[in-house]
Structures are given as structure tokens and as C-alpha cells.
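*Asks:* This is model-v2.txt, which holds compact mmCIF, C-alpha atoms:
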# COMPACT_ATOMS: atom_id res chain seq x y z
CA MET A 1 42.79 -217.94 89.56
CA ALA A 2 43.40 -214.20 89.59
CA SER A 3 40.49 -211.76 89.47
CA LEU A 4 39.86 -208.37 87.93
CA LEU A 5 37.21 -205.84 88.89
CA VAL A 6 36.47 -203.09 86.39
CA THR A 7 34.29 -200.04 86.94
CA ARG A 8 33.36 -198.38 83.67
CA PRO A 9 30.41 -196.02 83.76
CA ARG A 10 29.07 -194.69 80.51
CA HIS A 11 27.08 -191.54 81.19
CA ASP A 12 28.97 -188.89 79.20
CA ASN A 13 31.52 -188.55 76.39
CA LEU A 14 34.58 -189.15 78.58
CA THR A 15 33.23 -192.20 80.34
CA THR A 16 31.90 -193.60 77.06
CA TYR A 17 35.39 -193.49 75.59
CA LEU A 18 36.87 -195.12 78.68
CA TYR A 19 34.12 -197.75 78.56
CA TYR A 20 34.95 -198.85 75.02
CA TRP A 21 38.71 -198.67 75.46
CA ALA A 22 38.42 -200.88 78.54
CA ASP A 23 36.98 -203.66 76.35
CA ALA A 24 40.45 -204.76 75.22
CA VAL A 25 41.59 -205.08 78.84
CA VAL A 26 38.56 -207.19 79.78
CA THR A 27 39.06 -209.39 76.72
CA LEU A 28 42.71 -210.04 77.54
CA ALA A 29 41.87 -210.82 81.16
CA LYS A 30 39.31 -213.40 79.98
CA GLU A 31 41.93 -214.99 77.71
CA LYS A 32 44.27 -215.21 80.70
CA ASP A 33 41.54 -216.99 82.70
CA PHE A 34 40.92 -214.12 85.08
CA LYS A 35 37.67 -214.09 86.98
CA ILE A 36 36.04 -210.84 85.77
CA TYR A 37 33.73 -208.56 87.74
CA ASP A 38 32.64 -205.99 85.15
CA LEU A 39 30.70 -203.14 86.77
CA ALA A 40 29.69 -201.49 83.52
CA GLY A 41 27.29 -198.64 82.91
CA ASP A 42 24.77 -198.19 85.71
CA LYS A 43 26.29 -201.09 87.67
CA ALA A 44 29.26 -198.86 88.46
CA ILE A 45 27.80 -197.60 91.73
CA GLN A 46 29.07 -197.65 95.29
CA LYS A 47 26.70 -200.32 96.55
CA GLU A 48 27.77 -202.81 93.85
CA PHE A 49 31.44 -201.89 94.14
CA ILE A 50 31.58 -202.36 97.91
CA SER A 51 29.61 -205.60 97.70
CA TYR A 52 32.00 -207.10 95.16
CA MET A 53 35.06 -205.84 96.99
CA LYS A 54 33.97 -207.38 100.29
CA LYS A 55 32.69 -210.68 98.90
CA ARG A 56 35.10 -211.34 96.02
CA LYS A 57 38.27 -209.48 97.10
CA PRO A 58 39.56 -209.00 93.53
CA ASP A 59 43.31 -208.94 92.99
CA LEU A 60 43.33 -206.19 90.38
CA LEU A 61 41.12 -203.12 90.11
CA PHE A 62 40.67 -201.05 86.95
CA LEU A 63 38.67 -197.99 87.93
CA ASN A 64 37.41 -195.56 85.31
CA GLY A 65 35.49 -192.37 86.07
CA HIS A 66 35.48 -188.78 87.19
CA GLY A 67 37.20 -187.88 90.42
CA ASN A 68 39.14 -185.55 92.62
CA GLU A 69 41.86 -185.78 95.23
CA ASN A 70 39.75 -187.85 97.62
CA THR A 71 37.02 -189.48 95.57
CA LEU A 72 36.60 -191.68 92.56
CA GLY A 73 33.21 -191.68 90.86
CA GLY A 74 31.12 -194.18 88.97
CA HIS A 75 27.82 -194.02 87.15
CA ASP A 76 26.45 -190.45 87.12
CA ASP A 77 29.46 -189.57 89.29
CA ASP A 78 28.15 -191.64 92.20
CA PRO A 79 31.19 -191.63 94.52
CA ILE A 80 32.29 -195.25 94.78
CA LEU A 81 35.69 -194.97 96.49
CA ILE A 82 36.12 -192.25 99.08
CA ASN A 83 39.16 -191.38 101.16
CA GLY A 84 38.36 -191.69 104.83
CA ILE A 85 35.04 -193.48 104.22
CA ASN A 86 35.59 -196.75 102.38
CA HIS A 87 39.11 -196.64 100.95
CA THR A 88 40.13 -199.63 103.11
CA VAL A 89 38.18 -202.00 100.83
CA THR A 90 41.09 -201.89 98.36
CA ALA A 91 43.38 -203.71 100.83
CA SER A 92 45.49 -206.41 99.14
CA ALA A 93 44.59 -205.25 95.63
CA ILE A 94 46.59 -203.55 92.93
CA VAL A 95 44.65 -200.51 91.75
CA TYR A 96 44.80 -198.47 88.55
CA ALA A 97 42.51 -195.45 88.42
CA ILE A 98 41.89 -193.37 85.30
CA SER A 99 40.46 -190.42 87.12
CA CYS A 100 41.43 -186.88 87.96
CA SER A 101 43.74 -186.40 90.92
CA CYS A 102 42.91 -189.67 92.74
CA ALA A 103 46.56 -190.53 93.14
CA SER A 104 47.22 -187.40 95.20
CA ASN A 105 45.37 -188.31 98.42
CA LEU A 106 43.11 -191.31 97.77
CA GLY A 107 45.91 -193.42 96.31
CA PRO A 108 48.35 -193.05 99.21
CA ALA A 109 45.50 -193.62 101.67
CA CYS A 110 44.59 -196.90 99.94
CA VAL A 111 48.20 -198.04 100.11
CA SER A 112 48.48 -197.08 103.77
CA ALA A 113 45.35 -199.15 104.39
CA GLY A 114 46.84 -202.21 102.69
CA ALA A 115 46.47 -201.88 98.93
CA LYS A 116 49.56 -203.40 97.31
CA ALA A 117 49.87 -200.48 94.91
CA PHE A 118 47.89 -197.60 93.46
CA VAL A 119 48.68 -196.22 90.02
CA GLY A 120 46.96 -193.10 88.76
CA TYR A 121 47.13 -189.37 88.22
CA ASN A 122 47.80 -186.80 90.95
CA ARG A 123 46.34 -183.91 88.96
CA PRO A 124 43.46 -183.53 86.50
CA TYR A 125 43.48 -186.14 83.74
CA PHE A 126 43.00 -184.74 80.24
CA LEU A 127 41.59 -186.71 77.36
CA PHE A 128 41.18 -185.25 73.89
CA THR A 129 38.99 -186.78 71.21
CA ASP A 130 38.26 -186.12 67.57
CA ASP A 131 34.62 -185.19 67.04
CA SER A 132 34.59 -187.02 63.70
CA SER A 133 35.36 -190.27 65.55
CA SER A 134 32.90 -189.85 68.39
CA THR A 135 30.71 -192.74 67.19
CA HIS A 136 33.78 -194.99 66.79
CA PRO A 137 35.90 -194.32 69.90
CA LEU A 138 38.32 -197.16 69.17
CA ASN A 139 39.21 -195.60 65.79
CA ASP A 140 39.93 -192.17 67.28
CA SER A 141 43.58 -191.39 66.41
CA VAL A 142 43.72 -188.57 68.96
CA ALA A 143 42.24 -190.50 71.88
CA LYS A 144 44.59 -193.36 71.03
CA LEU A 145 47.56 -191.21 72.09
CA PHE A 146 46.10 -190.99 75.60
CA LEU A 147 44.46 -194.39 76.03
CA GLU A 148 46.87 -196.87 74.46
CA PRO A 149 49.54 -196.19 77.12
CA SER A 150 46.83 -196.46 79.76
CA ASN A 151 45.69 -199.86 78.50
CA LEU A 152 49.31 -201.00 78.32
CA LEU A 153 49.58 -200.67 82.09
CA MET A 154 46.65 -203.02 82.58
CA THR A 155 47.73 -205.54 79.94
CA ALA A 156 51.21 -205.72 81.49
CA LEU A 157 49.74 -206.37 84.94
CA ILE A 158 47.37 -209.01 83.54
CA LYS A 159 50.33 -210.74 81.88
CA GLY A 160 52.04 -210.98 85.25
CA LYS A 161 54.43 -208.04 85.15
CA SER A 162 55.28 -206.28 88.41
CA VAL A 163 53.71 -202.93 89.20
CA GLY A 164 57.05 -201.23 88.59
CA ASP A 165 57.55 -202.92 85.21
CA ALA A 166 53.98 -202.23 84.10
CA TYR A 167 54.19 -198.60 85.19
CA GLY A 168 57.52 -198.23 83.39
CA LYS A 169 56.15 -199.72 80.16
CA SER A 170 53.06 -197.54 80.29
CA ARG A 171 55.07 -194.40 81.00
CA GLU A 172 57.53 -195.20 78.23
CA ASN A 173 54.65 -195.67 75.79
CA LEU A 174 53.16 -192.33 76.84
CA ILE A 175 56.54 -190.71 76.19
CA LYS A 176 56.61 -192.42 72.77
CA LYS A 177 53.13 -191.06 72.02
CA PHE A 178 54.26 -187.58 73.09
CA ARG A 179 57.34 -187.78 70.85
CA TYR A 180 55.10 -188.79 67.97
CA ALA A 181 52.65 -185.96 68.71
CA ILE A 182 55.37 -183.33 68.37
CA SER A 183 56.80 -184.89 65.22
CA SER A 184 56.08 -184.01 61.60
CA GLN A 185 54.41 -187.41 61.20
CA ALA A 186 51.52 -186.41 63.44
CA THR A 187 48.33 -184.83 62.13
CA GLN A 188 47.44 -181.32 63.25
CA ASP A 189 44.86 -182.75 65.64
CA GLN A 190 47.52 -184.96 67.21
CA ARG A 191 50.08 -182.15 67.44
CA ASP A 192 47.54 -179.90 69.14
CA VAL A 193 47.20 -182.24 72.11
CA ALA A 194 50.93 -182.57 72.86
CA PRO A 195 50.79 -180.14 75.83
CA ASN A 196 48.10 -182.23 77.50
CA LEU A 197 49.91 -185.49 76.84
CA TYR A 198 52.90 -183.90 78.58
CA PHE A 199 50.70 -182.78 81.47
CA ASN A 200 49.30 -186.30 81.93
CA LEU A 201 52.81 -187.74 81.78
CA GLN A 202 53.93 -185.43 84.58
CA SER A 203 50.85 -186.39 86.64
CA PHE A 204 51.19 -190.17 86.18
CA VAL A 205 52.44 -191.68 89.46
CA VAL A 206 52.61 -194.93 91.38
CA HIS A 207 52.38 -195.57 95.11
CA GLY A 208 53.11 -198.77 97.01
CA ASP A 209 55.07 -201.92 96.26
CA LEU A 210 56.72 -201.75 92.84
CA ASP A 211 57.53 -205.47 93.04
CA ALA A 212 53.91 -206.47 93.59
CA THR A 213 52.31 -208.72 91.00
CA VAL A 214 48.75 -209.84 90.45
CA TYR A 215 49.75 -213.52 90.60
CA MET B 1 59.12 -191.85 89.57
CA ASN B 2 56.80 -190.58 92.26
CA GLU B 3 57.83 -186.96 92.22
CA ILE B 4 54.78 -184.76 92.38
CA LYS B 5 54.92 -181.73 90.11
CA ASN B 6 52.79 -179.18 91.89
CA THR B 7 50.87 -176.74 89.75
CA GLN B 8 52.12 -173.29 90.63
CA LYS B 9 49.51 -170.73 91.57
CA ILE B 10 49.56 -167.62 89.43
CA THR B 11 49.25 -164.74 91.87
CA ASN B 12 50.18 -161.73 89.73
CA LYS B 13 47.08 -160.42 87.91
CA ASP B 14 49.02 -158.88 85.04
CA THR B 15 50.91 -162.12 84.50
CA LEU B 16 47.67 -164.06 84.54
CA GLU B 17 46.11 -161.77 81.94
CA GLU B 18 49.14 -162.16 79.68
CA MET B 19 49.00 -165.90 80.10
CA LYS B 20 45.33 -165.89 79.20
CA ILE B 21 46.05 -164.00 75.98
CA LEU B 22 48.82 -166.42 75.07
CA VAL B 23 46.78 -169.52 75.86
CA ILE B 24 43.73 -168.23 73.98
CA GLU B 25 45.84 -167.62 70.89
CA ARG B 26 47.29 -171.12 71.16
CA ILE B 27 43.83 -172.66 71.51
CA ASN B 28 42.56 -170.56 68.60
CA ALA B 29 45.25 -172.15 66.43
CA THR B 30 44.13 -175.69 67.27
CA SER B 31 41.83 -177.89 65.26
CA PRO B 32 38.09 -177.20 65.64
CA ASN B 33 37.51 -180.98 65.55
CA LEU B 34 39.03 -181.53 68.95
CA ARG B 35 37.00 -181.93 72.12
CA MET B 36 38.64 -181.80 75.53
CA HIS B 37 37.45 -183.98 78.37
CA VAL B 38 38.65 -183.53 81.91
CA GLY B 39 37.24 -185.58 84.72
CA ILE B 40 37.06 -183.01 87.47
CA ALA B 41 33.81 -183.95 89.17
CA PRO B 42 31.20 -182.49 89.26
CA ASN B 43 31.89 -179.92 86.50
CA LYS B 44 30.82 -180.25 82.91
CA PRO B 45 33.43 -182.63 81.57
CA SER B 46 33.52 -181.98 77.82
CA TYR B 47 34.57 -178.81 75.97
CA THR B 48 34.77 -177.58 72.40
CA ARG B 49 37.50 -175.17 71.34
CA GLU B 50 35.17 -172.20 71.82
CA GLU B 51 34.17 -173.40 75.26
CA LEU B 52 37.81 -173.80 76.25
CA ILE B 53 38.46 -170.20 75.27
CA ALA B 54 35.44 -169.02 77.25
CA ASN B 55 36.68 -170.85 80.33
CA VAL B 56 40.18 -169.43 79.97
CA LYS B 57 38.75 -165.91 79.69
CA ALA B 58 36.65 -166.55 82.79
CA GLY B 59 39.68 -167.75 84.74
CA ASN B 60 37.52 -170.38 86.48
CA GLU B 61 38.68 -173.79 87.70
CA ILE B 62 38.66 -175.37 84.27
CA GLY B 63 40.18 -172.28 82.69
CA MET B 64 43.05 -172.29 85.18
CA GLN B 65 43.69 -175.99 84.58
CA ILE B 66 43.93 -175.31 80.86
CA ILE B 67 46.25 -172.34 81.43
CA ASN B 68 48.45 -174.33 83.80
CA ALA B 69 48.77 -177.22 81.36
CA GLN B 70 49.74 -174.95 78.48
CA ILE B 71 52.17 -172.83 80.52
CA GLU B 72 53.80 -175.89 82.06
CA TYR B 73 54.42 -177.23 78.58
CA LEU B 74 55.84 -173.95 77.33
CA LYS B 75 58.13 -173.66 80.34
CA ALA B 76 59.33 -177.21 79.78
CA MET B 77 60.08 -176.36 76.15
CA ALA B 78 61.92 -173.18 77.11
CA SER B 79 63.96 -174.82 79.86
CA GLY B 80 64.91 -177.78 77.72
CA GLU B 81 63.16 -180.27 79.98
CA ILE B 82 61.10 -181.55 77.06
CA TYR B 83 64.26 -182.57 75.24
CA LYS B 84 65.12 -185.04 77.98
CA LEU B 85 62.15 -187.06 76.68
CA LEU B 86 63.33 -187.07 73.06
Take the structure I supplied and represent it as C-alpha cells, if you would.
*Replies:*
Amino acid sequence: MASLLVTRPRHDNLTTYLYYWADAVVTLAKEKDFKIYDLAGDKAIQKEFISYMKKRKPDLLFLNGHGNENTLGGHDDDPILINGINHTVTASAIVYAISCSCASNLGPACVSAGAKAFVGYNRPYFLFTDDSSSTHPLNDSVAKLFLEPSNLLMTALIKGKSVGDAYGKSRENLIKKFRYAISSQATQDQRDVAPNLYFNLQSFVVHGDLDATVY
Amino acid sequence: MNEIKNTQKITNKDTLEEMKILVIERINATSPNLRMHVGIAPNKPSYTREELIANVKAGNEIGMQIINAQIEYLKAMASGEIYKLL
């Protein structure tokens, strides 16, 4: 039985959006009989994360939060994964991090320490939202352009696709969203975020074994 | 697939000021409904259109990230790189 660990804090607007959008990933993983370790809200802290990583050794990690080149944060930006401190806990796992810049230093360090693969962003990660949808994040047609491709990576991995295939599908979907955003079919709100969709696309990278699968 | 696109540092002050003017005008033309979130810890992570403009004017870390994103996009449009995606 494969296992999924999710960190999804919920202490500001960005993390709240990521929290709700991660629901679909958790639901699919349950349907596929994954063992789920859902560190949601104030459970997304270093102590809990390290404890689960050491005891449960999950196959797939879905990490949501603020970050920088060497650190990924959890609840209230508590640093939960830190390059040079505890990055070795990700050994043997496939990791996807929605977080600024983690794939620049932290990601390669995790792979060097044994993580099968690390997918993420090697520069700041931008998310735009529509204020009129802030109480219904899943109905936000602007946020959807950024987060649907992101979820596609996780759903592909959960369905057994290789890291390379999942990354390719996600990237292709992000390109599709970008094409839509610059088209006449898009709303003004959607067109306005095209530059940042492009920026995220250029920052979206993968390290490690592209043939790795979760099971 | 793994090529890292480094963000170029803008070292010429005049160029930076011109870029700021351009980016501010572009942001001014965007929808007031939009809110930008960027997860650079530990800064304030959520910005309205007016706050984006203030940060660009200030030329601080967030402001420079916004400028870089916009300029990168414009350069990609001008060079034709964008059209490889279409």
C-alpha cells in the first residue's frame, strides 16, 4: 500500500487556497487506497513532519507552504524541511513542493541525500486570486489557472505515472493555461496574470529520477 | 527540462527607473479584483494592486520580483520565445 504525506498549513490567504485545492489530491489518494498522513493547519509543523517521516516513511510527499532556496515552511511559517539540517528525511520519497524557490537548493540536496525525485519551483512562486472568490477558493477562475496544473502533477503520480510523465503532463497543462490566458476567450482578470503564469512555468523544474514511480 | 532561468540583476539605475515606470503602468491597467500571493518567507505574502505598485516604486525584494517577472515576460514576447509555446 502506497502512502502520501501532505503538509497544508492554513494561516494566510495563500496557504488557505493551497489547503482547499489540496483536498482533491487527498480525495483521489484515498480512492486509490493510499495511506494518508494529512498534516493540515496547525499540524503542519516540524515536530509532526519529522515524526511522520521517520516512523511512516511515506512514498509521496505533497508539501505546501512558504519557502526560500533552503527552507520549506509549514504552519505560521515554522520551517519544517531545512537544507543542511533535516533534508535527509526525504530519502526514498518522491517530493512535490509548492513553495518559493525550494527546488533551487533544497530540492537537489534532498535528491543527493536519497530522495527519488523533487519537483518544485526554483524561483518565487506566484499565485493570483480573485477577491470576489476569496470565500470559495475552488471556484476562483484565476487561481484555477495556477493550481489545476499543480494538482495534475500529484494526480498523475497517485495514478502511477512516472515522475517524468507526471511532470510533463503538469507542465503541458500549465502551458495550456498560459495559452488560454493570452487568448480572447480569457477574462480580463485571467489575461492580467499571464506574465506570472509564464514566470511560474519557467521556474517549474524536476530533479532526480524521471523514471521513478510511487508504486 | 531542468534548465534554470536565472533572474538577471538590473544594475543600471536609469534602466531600473524606466522599468519601474513601465511595470507600474502595466499593473495600473490590471483588474482591481486581483490579489497577488508570493510565498517568499517571511515577508507579507498577499498584495493588492495598489500594494504591488508601492512595492515596485520602493524597489524592495517583492518589488524587484514583480519587475523581473513582468520584464521577463515582455522580453520573451519581443524575442518570440513566447510563440514557441503557442
*Asks:* Mind pulling up the distance from CA of Tyr167 in chain A to CA of Thr27 in chain A?
*Replies:* 20.4 Å
*Asks:* With only C-alpha atoms as the basis for distance, which of B:Ile66, B:Val56, B:Ile82, B:Leu34 is at the shortest distance from chain A?
*Replies:* B:Leu34
*Asks:* For chain B, work out the contacting residues on chain A at 9 Å, counting all atoms listed in the file, and write them as a ChimeraX atom specification.
*Replies:* /A:12-15,65-68,72-73,77,99-101,104,122-132,142,175-176,178-179,188-189,191-196,198-199,202-207
*Asks:* Kindly give the distance, in Å, that separates CA of Glu17 in chain B and CA of Gly63 in chain B, rounded to a single decimal.
*Replies:*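 CA of Glu17 in chain B sits 12.1 Å away from CA of Gly63 in chain B.
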*Asks:* Would you list the residues near (56.5, -210.0, 91.5), meaning any protein, DNA or RNA residue with an atom at most 12 Å from that point in file coordinates, counting all atoms listed in the file, as a list in words?
*Replies:* Ile94, Lys116, Leu157, Lys159, Gly160, Lys161, Ser162, Val163, Gly164, Asp165, Ala166, Asp209, Leu210, Asp211, Ala212, Thr213, Val214 and Tyr215 of chain A
*Asks:* What would range 39-60 of chain A look like if you wrote it out as a PDB file, in the first residue's frame, with C-alpha atoms included, from the block I just posted?
*Replies:*
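Saved to decode_2.pdb:
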ATOM      1  CA  LEU A  39      -0.664  17.412   8.345  1.00  0.00           C
ATOM      2  CA  ALA A  40      -3.281  20.121   7.955  1.00  0.00           C
ATOM      3  CA  GLY A  41      -3.498  23.512   9.609  1.00  0.00           C
ATOM      4  CA  ASP A  42      -1.523  23.719  12.838  1.00  0.00           C
ATOM      5  CA  LYS A  43      -0.365  20.103  12.479  1.00  0.00           C
ATOM      6  CA  ALA A  44       1.941  21.232   9.679  1.00  0.00           C
ATOM      7  CA  ILE A  45       4.906  21.805  11.979  1.00  0.00           C
ATOM      8  CA  GLN A  46       8.437  20.436  12.007  1.00  0.00           C
ATOM      9  CA  LYS A  47       7.974  18.160  15.005  1.00  0.00           C
ATOM     10  CA  GLU A  48       4.981  16.376  13.426  1.00  0.00           C
ATOM     11  CA  PHE A  49       6.577  16.273   9.982  1.00  0.00           C
ATOM     12  CA  ILE A  50       9.825  14.715  11.190  1.00  0.00           C
ATOM     13  CA  SER A  51       7.966  12.242  13.386  1.00  0.00           C
ATOM     14  CA  TYR A  52       5.822  11.015  10.499  1.00  0.00           C
ATOM     15  CA  MET A  53       8.748  10.920   8.097  1.00  0.00           C
ATOM     16  CA  LYS A  54      10.862   8.808  10.441  1.00  0.00           C
ATOM     17  CA  LYS A  55       8.114   6.446  11.602  1.00  0.00           C
ATOM     18  CA  ARG A  56       5.974   6.094   8.473  1.00  0.00           C
ATOM     19  CA  LYS A  57       8.453   6.750   5.637  1.00  0.00           C
ATOM     20  CA  PRO A  58       5.785   7.918   3.161  1.00  0.00           C
ATOM     21  CA  ASP A  59       6.354   7.236  -0.522  1.00  0.00           C
ATOM     22  CA  LEU A  60       4.981  10.532  -1.796  1.00  0.00           C
TER      23      LEU A  60
END
